[in-house]
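Input: a single structure, listed below in structure tokens.
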Amino acid sequence: MTVQDPHASQAPSIEYQFRDAADVIAFARQHVGDQLPAFTMASDLLVEEIGDGNINYVYRVCTPDRSTSVIVKQGLPWVRIIGESWPLSLVRVRIEAETLQFEAECAPELVPALYHFEEARSAIVMEDIGDHRNLRHAFLERASLPQLGQQMGHFLATTLYRSSDLALDAHDKKARVARFTNPDQCKITEDLFFVDPFCDHERNSINPALRSDAEALWQDAALKVEVAELKQRFLSTPEALLHGDLHAGSIFVREDSTKVIDPEFGFFGPAGFDIGSWLAALWLAACAHTELEGDRRDYVAQLRAQAVASWESFAREYREQAAHTSDASFAAPGVAERLLSRILRDALGYAGCEMIRRTIGLAHVLELESINDDAVRARAERRALALGRELILARESLEDLAAADGVVARLLG
């Protein structure tokens, strides 16, 4: 559907905000330049407002035959669906653009191309990846994605290693940490990951059938100690530049291709956070499919195998890159393995937090929410809670991803 007025919304306008479809078209045409000649030479362009998130405006600008298109994304200084009562720093838009640029330097085939970023309008023009579909929908359809695990492992290995102390000059690293400080977005993560799900918070959304499970979790003192440690590492460990929001909704796929989008939560934090968020996406989908009818066992096995493949690909590439570090301290034998061991422990802990918060916190996942039978959904959600808890508590004793997969297999039955 072509829209004439993409801003007929509850949020008040501000001076730089796109006024109408013509304004969006002019911005896109001006900043695509020679990169897409068919786009810039087209006499007419169409605009669709396609954003399904809570924070930003997202438009597709395309030629009339839809053969060529770009995406325009604009941020406002508040949460879109709330308005001015929930202010949000615009630094997130610059950080998203610069994170996309860095990710493209590391793994250009795995992110959309960035055509332009304009700080004055808090707007980005980027490649349209409409030939891919959101990973959540691919999960629901039990799509076979044979390269997904290896591709995500490569994305994680290159972005996390090349932004680490092993790869960067010390002065460069510290300058980047400062430039990617992202307090508003991090505060959202800190609350939704480490606070809300572990208490009776008004933002939580709990299936009534899971109320007693949630209440038991809120009284679990040992679990809260471990979550506090994970939060402290999140707050104080600028290990690598993170995507910061690496769930299935931020990943688009074809059978032969993967694209990672929306790194507006990017900041320097513990490398295991991105890895754990990605592993949790696979394991949450596995929890859902364990309870669904049909050839579920084969697909659950595929999801588990993708998790193992992701870690193995990550660890292999991380070792290969670490072998070329120019820092004598990090080049010492055994250092890379020690770092990988700690990254894995962090990843398992953060995966557990993600599974719990996606089950009883504010933002749930479509894979679980789409289960229409209340009793079936409750069983799947209960598995997710149990798996999340065990990953957090047992992370220090799980030596590799195969051991973690054993935990997954046992709790999924």
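FYI, nothing fancy with the structure tokens labels: chains A, B, ... in order, residues from 1 per chain, ligands from 1 as they appear.
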Every residue of segment 156-403 of chain A that DSSP places in alpha helix (DSSP H), as an MDAnalysis selection string: chainID A and resid 156:162 170:179 183:194 211:218 221:236 271:291 296:322 328:331 335:360 366:369 374:394 401:403
Backbone-only DSSP, strand (DSSP E) members of segment 155-345 of chain A, as a PyMOL selection string: chain A and resi 240-242+251-254+257-260+267-269
List the spatial neighbours of Pro146 of chain A as a JSON list (two decimals) with N, CA and C atoms, in the first residue's frame - criterion: any atom at most 9 Å away, only C-alpha atoms, same-chain residues fewer than 3 positions off excluded.
```json
[["chain", "number", "residue", "atom", "x", "y", "z"],
["A", 149, "GLY", "N", 23.78, -21.49, 10.93],
["A", 149, "GLY", "CA", 24.67, -21.58, 12.07],
["A", 149, "GLY", "C", 26.08, -21.12, 11.74],
["A", 150, "GLN", "N", 26.59, -21.59, 10.62],
["A", 150, "GLN", "CA", 27.95, -21.22, 10.22],
["A", 150, "GLN", "C", 28.02, -19.73, 9.91],
["A", 255, "GLU", "N", 17.42, -19.22, 2.02],
["A", 255, "GLU", "CA", 18.09, -20.51, 2.20],
["A", 255, "GLU", "C", 19.60, -20.37, 2.07],
["A", 256, "ASP", "N", 20.04, -19.43, 1.22],
["A", 256, "ASP", "CA", 21.47, -19.28, 0.95],
["A", 256, "ASP", "C", 22.08, -18.03, 1.55],
["A", 302, "GLN", "N", 17.38, -29.92, 14.30],
["A", 302, "GLN", "CA", 18.04, -28.94, 13.43],
["A", 302, "GLN", "C", 18.40, -27.68, 14.20],
["A", 306, "GLN", "N", 22.06, -26.14, 14.88],
["A", 306, "GLN", "CA", 22.46, -24.79, 14.49],
["A", 306, "GLN", "C", 23.19, -24.09, 15.63]]
```
Using only C-alpha atoms, find each residue in segment 16-59 of chain A having at least one atom no more than 9 Å away from segment 75-96 of chain A; report its shortest atom-to-atom pair and that distance in Å (one decimal), rows by chain then rising number, as CSV.
```
residue,atom,partner,partner_atom,distance
A:Gln17,CA,A:Leu76,CA,7.6
A:Gly53,CA,A:Arg80,CA,8.6
A:Asn54,CA,A:Ile81,CA,5.6
A:Ile55,CA,A:Arg80,CA,4.6
A:Asn56,CA,A:Gly75,CA,4.9
A:Tyr57,CA,A:Gly75,CA,6.5
A:Val58,CA,A:Gly75,CA,8.9
```
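Residues within 12 Å of Glu337 of chain A, counting only C-alpha atoms and excluding same-chain residues fewer than 2 positions away, are A:Ala315, A:Arg316, A:Tyr318, A:Arg319, A:Glu320, A:Ala322, A:Ala323, A:Phe330, A:Ala331, A:Ala332, A:Pro333, A:Gly334, A:Val335, A:Leu339, A:Leu340, A:Ser341, A:Arg342, A:Ile343, A:Leu344, A:Glu399, A:Asp400.
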Nearest to Glu103 of chain A, chosen from A:Asn204, A:Thr158, A:Gln232, A:Thr40, with only C-alpha atoms counted in the distances: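 Smallest separation from Glu103 of chain A among the options: A:Thr158.
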